[in-house]
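Student: Provided herewith: work-v2.cif, mmCIF, N, CA and C atoms and all ligand atoms.
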```cif
data_data
loop_
_atom_site.label_atom_id
_atom_site.label_comp_id
_atom_site.auth_asym_id
_atom_site.auth_seq_id
_atom_site.Cartn_x
_atom_site.Cartn_y
_atom_site.Cartn_z
N MET V 100 0.83 -1.21 0.00
CA MET V 100 0.00 0.00 0.00
C MET V 100 0.87 1.27 0.00
N ASN V 101 1.87 1.21 0.90
CA ASN V 101 2.76 2.36 0.98
C ASN V 101 3.49 2.61 -0.34
N LYS V 102 3.89 1.49 -0.98
CA LYS V 102 4.61 1.64 -2.24
C LYS V 102 3.72 2.31 -3.28
N ILE V 103 2.46 1.90 -3.28
CA ILE V 103 1.53 2.48 -4.26
C ILE V 103 1.36 3.98 -3.99
N LEU V 104 1.24 4.31 -2.72
CA LEU V 104 1.10 5.73 -2.37
C LEU V 104 2.33 6.53 -2.79
N THR V 105 3.51 5.94 -2.52
CA THR V 105 4.75 6.62 -2.89
C THR V 105 4.80 6.83 -4.40
N LEU V 106 4.44 5.76 -5.13
CA LEU V 106 4.47 5.85 -6.58
C LEU V 106 3.51 6.95 -7.06
N PHE V 107 2.33 6.94 -6.48
CA PHE V 107 1.33 7.93 -6.86
C PHE V 107 1.86 9.34 -6.58
N PHE V 108 2.49 9.48 -5.42
CA PHE V 108 3.04 10.78 -5.04
C PHE V 108 4.09 11.23 -6.06
N LEU V 109 4.97 10.28 -6.44
CA LEU V 109 6.04 10.63 -7.38
C LEU V 109 5.46 11.03 -8.74
N ILE V 110 4.45 10.29 -9.18
CA ILE V 110 3.85 10.62 -10.47
C ILE V 110 3.21 12.01 -10.42
N SER V 111 2.49 12.29 -9.32
CA SER V 111 1.88 13.63 -9.23
C SER V 111 2.94 14.71 -9.19
N LEU V 112 4.01 14.42 -8.45
CA LEU V 112 5.07 15.41 -8.34
C LEU V 112 5.67 15.69 -9.72
N CYS V 113 5.93 14.61 -10.48
CA CYS V 113 6.51 14.78 -11.80
C CYS V 113 5.60 15.61 -12.69
N SER V 114 4.32 15.28 -12.71
CA SER V 114 3.44 16.02 -13.61
C SER V 114 3.33 17.47 -13.15
N TYR V 115 3.40 17.67 -11.83
CA TYR V 115 3.36 19.04 -11.31
C TYR V 115 4.58 19.81 -11.81
N LEU V 116 5.75 19.18 -11.66
CA LEU V 116 6.98 19.86 -12.07
C LEU V 116 6.98 20.12 -13.57
N LEU V 117 6.56 19.10 -14.35
CA LEU V 117 6.56 19.27 -15.80
C LEU V 117 5.60 20.38 -16.19
N ALA V 118 4.42 20.37 -15.58
CA ALA V 118 3.42 21.37 -15.92
C ALA V 118 3.97 22.77 -15.64
N ASN V 119 4.62 22.90 -14.50
CA ASN V 119 5.20 24.19 -14.15
C ASN V 119 6.26 24.60 -15.14
N ASP V 120 7.05 23.60 -15.49
CA ASP V 120 8.15 23.84 -16.37
C ASP V 120 7.69 24.44 -17.71
N ILE V 121 6.68 23.84 -18.32
CA ILE V 121 6.25 24.31 -19.63
C ILE V 121 5.64 25.71 -19.51
N ASN V 122 4.99 25.99 -18.38
CA ASN V 122 4.49 27.35 -18.18
C ASN V 122 5.63 28.36 -18.13
N ASP V 123 6.71 27.96 -17.49
CA ASP V 123 7.87 28.85 -17.43
C ASP V 123 8.46 29.07 -18.82
N VAL V 124 8.53 27.97 -19.57
CA VAL V 124 9.06 28.08 -20.93
C VAL V 124 8.19 29.05 -21.74
N TYR V 125 6.87 28.85 -21.63
CA TYR V 125 5.94 29.69 -22.38
C TYR V 125 6.13 31.17 -22.02
N LYS V 126 6.30 31.44 -20.71
CA LYS V 126 6.51 32.83 -20.28
C LYS V 126 7.73 33.43 -20.94
N ARG V 127 8.75 32.58 -21.12
CA ARG V 127 9.98 33.04 -21.76
C ARG V 127 9.67 33.42 -23.21
N CYS V 128 8.94 32.54 -23.89
CA CYS V 128 8.60 32.83 -25.30
C CYS V 128 7.80 34.12 -25.41
N VAL V 129 6.84 34.27 -24.47
CA VAL V 129 5.94 35.41 -24.50
C VAL V 129 6.70 36.73 -24.38
N ALA V 130 7.79 36.71 -23.63
CA ALA V 130 8.57 37.92 -23.43
C ALA V 130 9.01 38.50 -24.78
N CYS V 131 9.31 37.65 -25.73
CA CYS V 131 9.73 38.15 -27.05
C CYS V 131 8.60 38.13 -28.08
N HIS V 132 7.73 37.11 -28.00
CA HIS V 132 6.76 36.90 -29.09
C HIS V 132 5.35 37.40 -28.78
N GLY V 133 5.07 37.75 -27.50
CA GLY V 133 3.71 38.17 -27.13
C GLY V 133 2.84 36.98 -26.76
N VAL V 134 1.80 37.23 -25.97
CA VAL V 134 0.95 36.17 -25.43
C VAL V 134 0.37 35.28 -26.53
N LYS V 135 0.00 35.89 -27.65
CA LYS V 135 -0.58 35.10 -28.74
C LYS V 135 0.37 35.03 -29.93
N GLY V 136 1.62 35.37 -29.71
CA GLY V 136 2.56 35.36 -30.83
C GLY V 136 2.31 36.52 -31.78
N GLU V 137 1.77 37.62 -31.23
CA GLU V 137 1.38 38.73 -32.10
C GLU V 137 2.48 39.77 -32.29
N ILE V 138 3.65 39.54 -31.67
CA ILE V 138 4.74 40.51 -31.75
C ILE V 138 5.88 39.94 -32.58
N ALA V 139 6.47 40.77 -33.42
CA ALA V 139 7.67 40.36 -34.15
C ALA V 139 8.85 40.43 -33.19
N ALA V 140 9.35 39.28 -32.75
CA ALA V 140 10.36 39.24 -31.69
C ALA V 140 11.60 40.03 -32.08
N LEU V 141 12.00 40.93 -31.23
CA LEU V 141 13.18 41.79 -31.42
C LEU V 141 13.12 42.51 -32.78
N GLY V 142 11.90 42.68 -33.28
CA GLY V 142 11.73 43.33 -34.57
C GLY V 142 12.23 42.51 -35.74
N ARG V 143 12.57 41.22 -35.49
CA ARG V 143 13.17 40.41 -36.55
C ARG V 143 12.32 39.24 -37.00
N SER V 144 11.62 38.60 -36.06
CA SER V 144 10.92 37.36 -36.45
C SER V 144 9.59 37.70 -37.12
N ILE V 145 8.99 36.70 -37.74
CA ILE V 145 7.62 36.88 -38.18
C ILE V 145 6.75 36.85 -36.93
N LYS V 146 5.49 37.20 -37.06
CA LYS V 146 4.56 37.03 -35.94
C LYS V 146 4.15 35.57 -35.94
N ILE V 147 4.46 34.85 -34.87
CA ILE V 147 4.22 33.41 -34.94
C ILE V 147 2.73 33.07 -34.90
N SER V 148 1.89 34.05 -34.59
CA SER V 148 0.44 33.81 -34.65
C SER V 148 0.02 33.49 -36.09
N GLN V 149 0.87 33.83 -37.07
CA GLN V 149 0.54 33.55 -38.47
C GLN V 149 0.79 32.10 -38.85
N LEU V 150 1.53 31.38 -38.01
CA LEU V 150 1.89 30.01 -38.36
C LEU V 150 0.77 29.05 -38.00
N SER V 151 0.66 27.97 -38.76
CA SER V 151 -0.22 26.88 -38.34
C SER V 151 0.55 26.09 -37.29
N LYS V 152 -0.18 25.22 -36.60
CA LYS V 152 0.45 24.39 -35.59
C LYS V 152 1.62 23.58 -36.19
N GLU V 153 1.39 23.00 -37.39
CA GLU V 153 2.45 22.18 -38.01
C GLU V 153 3.68 23.02 -38.35
N GLU V 154 3.44 24.19 -38.91
CA GLU V 154 4.57 25.04 -39.29
C GLU V 154 5.38 25.44 -38.06
N PHE V 155 4.65 25.74 -36.98
CA PHE V 155 5.28 26.14 -35.72
C PHE V 155 6.18 25.01 -35.20
N ILE V 156 5.62 23.80 -35.15
CA ILE V 156 6.38 22.67 -34.62
C ILE V 156 7.57 22.34 -35.53
N LYS V 157 7.33 22.40 -36.84
CA LYS V 157 8.40 22.12 -37.79
C LYS V 157 9.54 23.13 -37.60
N SER V 158 9.16 24.38 -37.44
CA SER V 158 10.15 25.44 -37.29
C SER V 158 10.98 25.23 -36.02
N LEU V 159 10.31 24.88 -34.90
CA LEU V 159 11.04 24.67 -33.65
C LEU V 159 11.97 23.45 -33.76
N LYS V 160 11.49 22.42 -34.46
CA LYS V 160 12.35 21.23 -34.66
C LYS V 160 13.60 21.62 -35.44
N GLU V 161 13.41 22.48 -36.43
CA GLU V 161 14.56 22.90 -37.24
C GLU V 161 15.56 23.68 -36.39
N TYR V 162 15.05 24.55 -35.50
CA TYR V 162 15.97 25.28 -34.63
C TYR V 162 16.73 24.30 -33.75
N LYS V 163 16.00 23.27 -33.28
CA LYS V 163 16.63 22.31 -32.39
C LYS V 163 17.68 21.46 -33.11
N ASN V 164 17.37 21.05 -34.36
CA ASN V 164 18.22 20.05 -35.02
C ASN V 164 19.19 20.61 -36.05
N SER V 165 19.14 21.90 -36.29
CA SER V 165 20.02 22.43 -37.33
C SER V 165 20.49 23.82 -36.93
N ASN V 166 21.10 24.47 -37.87
CA ASN V 166 21.54 25.84 -37.59
C ASN V 166 20.60 26.84 -38.22
N LYS V 167 19.31 26.53 -38.20
CA LYS V 167 18.33 27.44 -38.80
C LYS V 167 18.55 28.86 -38.30
N ASN V 168 18.51 29.77 -39.24
CA ASN V 168 18.79 31.15 -38.92
C ASN V 168 18.19 32.03 -40.01
N ILE V 169 17.07 32.66 -39.72
CA ILE V 169 16.38 33.41 -40.76
C ILE V 169 16.86 34.85 -40.82
N SER V 170 16.97 35.49 -39.66
CA SER V 170 17.24 36.93 -39.66
C SER V 170 18.61 37.28 -39.10
N GLY V 171 19.40 36.26 -38.79
CA GLY V 171 20.69 36.52 -38.14
C GLY V 171 20.61 36.30 -36.64
N LEU V 172 19.40 36.07 -36.12
CA LEU V 172 19.25 35.85 -34.68
C LEU V 172 18.78 34.42 -34.37
N GLY V 173 19.00 33.50 -35.30
CA GLY V 173 18.58 32.12 -35.10
C GLY V 173 19.20 31.49 -33.86
N GLY V 174 20.42 31.93 -33.53
CA GLY V 174 21.10 31.39 -32.35
C GLY V 174 20.28 31.60 -31.08
N ILE V 175 19.56 32.71 -31.02
CA ILE V 175 18.70 32.97 -29.86
C ILE V 175 17.64 31.90 -29.75
N MET V 176 17.03 31.54 -30.88
CA MET V 176 15.97 30.53 -30.87
C MET V 176 16.53 29.15 -30.59
N GLN V 177 17.73 28.87 -31.11
CA GLN V 177 18.33 27.56 -30.82
C GLN V 177 18.50 27.39 -29.31
N ALA V 178 18.91 28.47 -28.65
CA ALA V 178 19.09 28.42 -27.20
C ALA V 178 17.75 28.22 -26.47
N GLN V 179 16.66 28.68 -27.07
CA GLN V 179 15.36 28.54 -26.43
C GLN V 179 14.84 27.11 -26.45
N VAL V 180 15.17 26.38 -27.52
CA VAL V 180 14.51 25.08 -27.73
C VAL V 180 15.41 23.86 -27.58
N TYR V 181 16.72 24.05 -27.37
CA TYR V 181 17.62 22.89 -27.42
C TYR V 181 17.26 21.82 -26.40
N ASN V 182 16.66 22.21 -25.26
CA ASN V 182 16.33 21.19 -24.25
C ASN V 182 14.84 20.87 -24.19
N LEU V 183 14.10 21.23 -25.23
CA LEU V 183 12.67 20.90 -25.27
C LEU V 183 12.45 19.72 -26.21
N ASN V 184 11.35 18.99 -25.99
CA ASN V 184 11.05 17.87 -26.89
C ASN V 184 9.76 18.16 -27.67
N GLU V 185 9.39 17.18 -28.51
CA GLU V 185 8.27 17.40 -29.40
C GLU V 185 6.96 17.63 -28.64
N LYS V 186 6.82 16.94 -27.50
CA LYS V 186 5.62 17.13 -26.67
C LYS V 186 5.55 18.59 -26.20
N ASP V 187 6.70 19.14 -25.82
CA ASP V 187 6.74 20.54 -25.40
C ASP V 187 6.28 21.45 -26.54
N PHE V 188 6.76 21.15 -27.77
CA PHE V 188 6.39 21.98 -28.92
C PHE V 188 4.88 21.94 -29.11
N GLU V 189 4.30 20.72 -28.98
CA GLU V 189 2.84 20.57 -29.08
C GLU V 189 2.14 21.45 -28.05
N ASN V 190 2.62 21.35 -26.79
CA ASN V 190 2.00 22.12 -25.72
C ASN V 190 2.10 23.61 -25.99
N LEU V 191 3.26 24.04 -26.47
CA LEU V 191 3.45 25.46 -26.74
C LEU V 191 2.51 25.93 -27.84
N ALA V 192 2.35 25.08 -28.88
CA ALA V 192 1.43 25.44 -29.97
C ALA V 192 0.04 25.67 -29.40
N GLN V 193 -0.36 24.82 -28.45
CA GLN V 193 -1.67 24.99 -27.83
C GLN V 193 -1.74 26.25 -27.00
N MET V 194 -0.65 26.53 -26.28
CA MET V 194 -0.65 27.71 -25.43
C MET V 194 -0.72 28.99 -26.27
N PHE V 195 -0.08 28.95 -27.44
CA PHE V 195 -0.18 30.11 -28.34
C PHE V 195 -1.49 30.08 -29.13
N LYS V 196 -2.29 29.03 -28.90
CA LYS V 196 -3.58 28.84 -29.58
C LYS V 196 -3.43 28.81 -31.09
N LEU V 197 -2.38 28.13 -31.55
CA LEU V 197 -2.20 27.99 -33.00
C LEU V 197 -3.11 26.87 -33.49
N LEU V 198 -3.65 27.05 -34.67
CA LEU V 198 -4.62 26.08 -35.17
C LEU V 198 -3.97 25.12 -36.14
N ASN V 199 -4.63 24.01 -36.26
CA ASN V 199 -4.22 23.00 -37.20
C ASN V 199 -4.81 23.34 -38.56
N LYS V 200 -4.32 24.41 -39.17
CA LYS V 200 -5.03 24.96 -40.32
C LYS V 200 -5.15 24.00 -41.49
N LYS V 201 -4.17 23.08 -41.59
CA LYS V 201 -4.15 22.25 -42.79
C LYS V 201 -4.99 21.00 -42.68
N GLU V 202 -5.65 20.79 -41.55
CA GLU V 202 -6.43 19.57 -41.40
C GLU V 202 -7.87 19.79 -41.85
C1 LIG E 301 15.03 36.63 -26.76
C2 LIG E 301 13.84 36.69 -27.58
C3 LIG E 301 13.15 35.38 -27.97
C4 LIG E 301 12.66 34.42 -27.16
C5 LIG E 301 12.72 34.35 -25.64
C6 LIG E 301 12.03 33.44 -28.02
N1 LIG E 301 12.15 33.80 -29.32
FE1 LIG E 301 11.37 32.83 -30.92
N2 LIG E 301 12.36 34.10 -32.18
C7 LIG E 301 13.13 35.17 -31.78
C8 LIG E 301 13.82 35.72 -32.93
C9 LIG E 301 14.77 36.92 -32.93
C10 LIG E 301 13.43 34.93 -34.04
C11 LIG E 301 13.95 35.00 -35.50
C12 LIG E 301 15.11 34.01 -35.53
C13 LIG E 301 15.81 33.83 -36.84
O1 LIG E 301 16.39 34.78 -37.34
O2 LIG E 301 15.84 32.68 -37.36
C14 LIG E 301 12.50 33.93 -33.53
C15 LIG E 301 11.85 32.99 -34.30
C16 LIG E 301 10.90 32.11 -33.84
C17 LIG E 301 10.11 31.21 -34.66
C18 LIG E 301 10.28 31.05 -36.16
C19 LIG E 301 9.29 31.71 -37.01
C20 LIG E 301 9.60 31.37 -38.45
O3 LIG E 301 9.88 32.31 -39.20
O4 LIG E 301 9.57 30.19 -38.83
C21 LIG E 301 9.29 30.50 -33.84
C22 LIG E 301 8.27 29.44 -34.24
C23 LIG E 301 9.58 30.95 -32.49
N3 LIG E 301 10.54 31.92 -32.53
C24 LIG E 301 8.98 30.43 -31.35
C25 LIG E 301 9.46 30.66 -30.06
C26 LIG E 301 9.09 29.88 -28.91
C27 LIG E 301 8.09 28.73 -28.91
C28 LIG E 301 9.79 30.38 -27.86
C29 LIG E 301 9.82 29.85 -26.43
C30 LIG E 301 10.35 28.51 -26.28
C31 LIG E 301 10.57 31.49 -28.35
N4 LIG E 301 10.37 31.61 -29.69
C32 LIG E 301 11.38 32.30 -27.57
C33 LIG E 301 13.24 35.68 -30.50
C34 LIG E 301 12.86 34.98 -29.35
#
```
Go ahead and render the structure in this file as structure tokens.
Ligand code: HEC

Tutor:
Amino acid sequence: MNKILTLFFLISLCSYLLANDINDVYKRCVACHGVKGEIAALGRSIKISQLSKEEFIKSLKEYKNSNKNISGLGGIMQAQVYNLNEKDFENLAQMFKLLNKKE
């Protein structure tokens, strides 16, 4: 019984920490991109509110896996996403309320 309780506690703790974590990440993004992605970050990026969910996730994957650099500030974005995974990208797309336009 105790083991089950401990396990349950650990699972809740993990989801709590993860949930908090993604909120913190989102706040970081918002600082440059705006709550709905309505701001051109540092005057250089597109407004990410224009992206579909797929384009958004694809773009973040590219920053993570390559040296993507559109305006000369790609390094900033690489630093934002290097430790995030695809699930995080999905969550962020939802937080920015990006739609699955192509479906
Ligand atoms: C310090 C400011 C800053 C922060 C914080 C930041 N970004 Fe960016 N973002 C930029 C800049 C500048 C660019 C343009 C980069 C380039 O030249 O490739 C960009 C580009 C992007 C793009 C690419 C748009 C395209 O043209 O394909 C996406 C998507 C994006 N950011 C999402 C995010 C997300 C999600 C986060 C949080 C994890 C985040 N950004 C955090 C500044 C920021």

Student: Kindly compile the residues surrounding ligand LIG 301 (chain E) within 5 Å, counting only N, CA and C atoms and all ligand atoms, and format them as a PyMOL selection string.

Tutor: chain V and resi 127-128+131+140+143-145+155+167-173+179

Student: As an exercise, work out the distance from atom CA of V:Lys157 to atom CA of V:Asn184 in Å and give it to one decimal place.

Tutor: 12.0 Å

Student: Counting only C-alpha atoms, write as a ChimeraX atom specification all protein and nucleic acid residues lying at most 7 Å from (-0.2, 30.0, -29.9) in the file's frame.

Tutor: /V:135-136,148,191-197

Student: Please produce a file of the residues just selected, as a PDB file, in the coordinates of the input, where the atoms kept are N, CA and C atoms.

Tutor:
```pdb
ATOM      1  N   LYS V 135       0.000  35.890 -27.650  1.00  0.00           N
ATOM      2  CA  LYS V 135      -0.580  35.100 -28.740  1.00  0.00           C
ATOM      3  C   LYS V 135       0.370  35.030 -29.930  1.00  0.00           C
ATOM      4  N   GLY V 136       1.620  35.370 -29.710  1.00  0.00           N
ATOM      5  CA  GLY V 136       2.560  35.360 -30.830  1.00  0.00           C
ATOM      6  C   GLY V 136       2.310  36.520 -31.780  1.00  0.00           C
ATOM      7  N   SER V 148       1.890  34.050 -34.590  1.00  0.00           N
ATOM      8  CA  SER V 148       0.440  33.810 -34.650  1.00  0.00           C
ATOM      9  C   SER V 148       0.020  33.490 -36.090  1.00  0.00           C
ATOM     10  N   LEU V 191       3.260  24.040 -26.470  1.00  0.00           N
ATOM     11  CA  LEU V 191       3.450  25.460 -26.740  1.00  0.00           C
ATOM     12  C   LEU V 191       2.510  25.930 -27.840  1.00  0.00           C
ATOM     13  N   ALA V 192       2.350  25.080 -28.880  1.00  0.00           N
ATOM     14  CA  ALA V 192       1.430  25.440 -29.970  1.00  0.00           C
ATOM     15  C   ALA V 192       0.040  25.670 -29.400  1.00  0.00           C
ATOM     16  N   GLN V 193      -0.360  24.820 -28.450  1.00  0.00           N
ATOM     17  CA  GLN V 193      -1.670  24.990 -27.830  1.00  0.00           C
ATOM     18  C   GLN V 193      -1.740  26.250 -27.000  1.00  0.00           C
ATOM     19  N   MET V 194      -0.650  26.530 -26.280  1.00  0.00           N
ATOM     20  CA  MET V 194      -0.650  27.710 -25.430  1.00  0.00           C
ATOM     21  C   MET V 194      -0.720  28.990 -26.270  1.00  0.00           C
ATOM     22  N   PHE V 195      -0.080  28.950 -27.440  1.00  0.00           N
ATOM     23  CA  PHE V 195      -0.180  30.110 -28.340  1.00  0.00           C
ATOM     24  C   PHE V 195      -1.490  30.080 -29.130  1.00  0.00           C
ATOM     25  N   LYS V 196      -2.290  29.030 -28.900  1.00  0.00           N
ATOM     26  CA  LYS V 196      -3.580  28.840 -29.580  1.00  0.00           C
ATOM     27  C   LYS V 196      -3.430  28.810 -31.090  1.00  0.00           C
ATOM     28  N   LEU V 197      -2.380  28.130 -31.550  1.00  0.00           N
ATOM     29  CA  LEU V 197      -2.200  27.990 -33.000  1.00  0.00           C
ATOM     30  C   LEU V 197      -3.110  26.870 -33.490  1.00  0.00           C
TER      31      LEU V 197
END
```

Student: Rounded to one decimal in Å, what is the spacing between atom N of V:Glu185 and atom CA of V:Thr105?

Tutor: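 Computing it gives 28.1 Å between the two atoms.
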
Student: What is the atom N of V:Lys126 to atom C of V:Leu109 distance in Å?

Tutor: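 Going from atom N of V:Lys126 over to atom C of V:Leu109 covers 23.7 Å.
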
Student: Using all atoms of stretch 183-195 of chain V that appear in the file, construct an axis-aligned enclosing box with 3 Å of padding on every side and provide its centre coordinates and edge lengths in Å, rounded to one decimal, as JSON.

Tutor:
```
{"center_x": 6.2, "center_y": 23.5, "center_z": -27.6, "size_x": 21.8, "size_y": 19.2, "size_z": 10.7}
```

Student: Would you list, as a list in words, the residues of stretch 126-179 of chain V that end up in alpha helix (DSSP H) under DSSP run on this structure's backbone?

Tutor: Lys126, Arg127, Cys128, Val129, Ala130, Cys131, His132, Lys152, Glu153, Glu154, Phe155, Ile156, Lys157, Ser158, Leu159, Lys160, Glu161, Tyr162, Lys163, Asn164, Gly173, Gly174, Ile175, Met176, Gln177, Ala178 and Gln179 of chain V
